[in-house]
Amino acid sequence: MPETPPISPPGAVSMSALPRPAPGDHMNRGAVLWVTLAVFAQEAVWNFYDTQVPEQLRHYFSSAGVVGLIMGLDHSWGIFTQPSVGFLSDKLARRRTGRWPIVLIGAAVATVPFVLIPWATNLPTLLVCVVGFAAIANAFKGVTETLVSDYVAPSNRSKAQGFIKAGVSLTIVVSSLISLLVVDRSLRLAFAIPPLLMLIMLGLSWAFLGRRHTNMLLPEEEGEREGAKAAPEQEFASPWAVLKDALRSPSSPTLLLMVGIFCFAGMWSALRSLMTPYGTQVLGLTRGEAAGLALPRAVAFLVCVLPIAYASNRFGQLRAMRYGVGLFIAGLLLGFTVPTVPGTITSMVLCSLGYTSFAVNALVALWNLAPTQKVLGTYTTLYTIASASGMALGPAILGTTIDLTRWRYMHLNAAVFAGVTFLVFTRLVRRAPDRAADRAAA
């Protein structure tokens with residue numbers, strides 16, 4: 001006798017009646033849209049933070065190295081908080097609420113110290129606000145970025161990342177417009193706008209995607225379920241067990257990829273953090289105008305991110321990142337050679353295109369190295385550890401070289417460090433498997 005299906009409560013929709021995403025060739029574009037909005041929400045705050053907080057710190061410190069150190073140290077909080085938070089999000093991923101509570105609660109709490117930054121009237125208060133925001137926001141940042149893996153199959157994640165990074169590029173546009181139109185008139189109002197946008201957009205993302213998490217969740221692939229039965233040892237008891245497994249040998253491609261992420265993220269963060277002071281010191285721009293230099297690079301990112309994402313999915317994430325580093329170096333050398341506003345804008349556009357290739361592919365390349373799909377949140381932590389370490393040290397390293405030379409040599413100094421990054425990715429391409437390239441060849 002066939003089993004009688006359970007009766008749904010009045011007004012409820014049966015879970016089986018709702019469309020569920022399936023692994024395959026078709027990307028769940030609705031889910032990608034709402035994840036993009038969630039990532040956009042948090043990155044809008046971070047972009048404004050990176051362009052304006054250095055100028056707040058310059059009221060108390062004249063050394064670019066010290067400013068860069070403080071801007072870098074705030075990113076280091078993710079190294080300590082994200083392994084546990086990412087592992088917890090993996091445990092929640094296939095439950096009714098998914099990873100969303102971590103994102104929503106973290107965003108609400110992080111808003112408070114961020115809004116208070118321009119109200120700080122002394123250095124201790126300013127540092128409390130800056131460190132408080134960075135510690136809270138870094139804790140849930142990786143969880144938001146992992147959301148796409150819950151709703152999009154592995155074969156489509158590079159393309160999904162392209163759409164997400166296109167949304168992120170719009171945050172640079174928003175941040176630049178706030179800097180240009182509001183900062184010079186009311187700094188306190190300018191700092192209130194990004195977190196307000198974050199709360200509104202995260203609320204919308206949760207309303208349309210998070211509330212239907214169990215219906216939109218990507219089903220486990222048959223091979224994944226069979227692998228879990230055949231190899232129970234792949235169940236990890238702690239985030240540290242996952243990290244130990246990933247970094248089990250010095251020749252691990254995971255470790256080498258993390259080194260490349262560390263180098264590239266460090267130089268990109270350094271340029272973002274120090275570009276506003278560079279604009280005021282070398283180009284003679286106002287604070288708002290200097291922050292607006294980010295606008296052209298954001299437009300270039302937006303125009304090219306999807307073509308780069310589709311090309312990377314076909315030809316391989318690792319090779320695409322290597323070519324991106326080469327273009328990044330070319331942009332830096334141009335910026336040093338032509339230290340004018342048009343030259344700097346052109347330089348930042350080229351650097352942005354090089355960074356686009358890295359931004360689309362780095363996290364997906366790490367996910368491809370994961371032993372099971374059930375630890376992707378923790379593998380996102382590997383990306384966070386590498387990128388946050390780079391972001392912590394990159395601004396300080398570049399700022400120190402500026403102190404030893406001059407602001408005029410900022411681009412040349414960055415190009416030297418980017419050359420090391422190119423060597424790392426060159427070695428990685430020769431040693432590590434590139435699954436995207438293998439799929440394309442098949």
# chains A, B, ... in the order shown; residues from 1 in each chain; ligands from 1
call {"tool": "closest_atom_pairs", "arguments": {"of": "stretch 126-197 of chain A", "to": "stretch 278-301 of chain A", "cutoff": "12 Å", "atoms": "only C-alpha atoms", "output": "Markdown table"}}
result
| residue | atom | partner | partner_atom | distance |
| --- | --- | --- | --- | --- |
| A:Gly162 | CA | A:Phe301 | CA | 10.3 |
| A:Phe163 | CA | A:Phe301 | CA | 11.3 |
| A:Ile164 | CA | A:Phe301 | CA | 11.7 |
| A:Lys165 | CA | A:Phe301 | CA | 8.4 |
| A:Ala166 | CA | A:Phe301 | CA | 7.1 |
| A:Gly167 | CA | A:Phe301 | CA | 9.9 |
| A:Val168 | CA | A:Ala298 | CA | 8.9 |
| A:Ser169 | CA | A:Ala298 | CA | 5.2 |
| A:Leu170 | CA | A:Ala298 | CA | 6.8 |
| A:Thr171 | CA | A:Ala298 | CA | 8.2 |
| A:Ile172 | CA | A:Ala298 | CA | 5.6 |
| A:Val173 | CA | A:Leu295 | CA | 5.3 |
| A:Val174 | CA | A:Leu295 | CA | 8.6 |
| A:Ser175 | CA | A:Gly292 | CA | 8.4 |
| A:Ser176 | CA | A:Gly292 | CA | 4.8 |
| A:Leu177 | CA | A:Gly292 | CA | 7.1 |
| A:Ile178 | CA | A:Gly288 | CA | 8.8 |
| A:Ser179 | CA | A:Gly288 | CA | 5.2 |
| A:Leu180 | CA | A:Gly288 | CA | 5.0 |
| A:Leu181 | CA | A:Gly288 | CA | 8.0 |
| A:Val182 | CA | A:Gly288 | CA | 8.5 |
| A:Val183 | CA | A:Gly288 | CA | 6.3 |
| A:Asp184 | CA | A:Gly288 | CA | 6.2 |
| A:Arg185 | CA | A:Gly288 | CA | 9.8 |
| A:Ser186 | CA | A:Gly288 | CA | 11.4 |
| A:Leu187 | CA | A:Gly288 | CA | 10.5 |
| A:Ala190 | CA | A:Gly288 | CA | 11.2 |
call {"tool": "residues_around", "arguments": {"residues": "A:Val259", "least_positions_apart": "3", "cutoff": "12 Å", "atoms": "only C-alpha atoms", "output": "number ranges by chain"}}
result
A: 247, 250-256, 262-266, 362, 366, 382-390, 420-425, 427-428
call {"tool": "atom_distance", "arguments": {"atom1": "atom CA of A:Leu302", "atom2": "atom CA of A:Val349"}}
result
10.9 Å
call {"tool": "closest_residue", "arguments": {"among": "A:Arg322, A:Arg408, A:Arg95, A:Arg314", "to": "A:Thr340", "atoms": "only C-alpha atoms"}}
result
A:Arg408
call {"tool": "select_by_dssp", "arguments": {"residues": "stretch 58-278 of chain A", "states": "helix (DSSP H, G or I)", "output": "number ranges by chain"}}
result
A: 64-92, 100-119, 123-151, 154-183, 187-208, 210-216, 222-230, 232-234, 239-246, 253-278
call {"tool": "closest_residue", "arguments": {"among": "A:Leu57, A:Leu332, A:Ala135, A:Leu412", "to": "A:Asn122", "atoms": "only C-alpha atoms"}}
result
A:Leu57
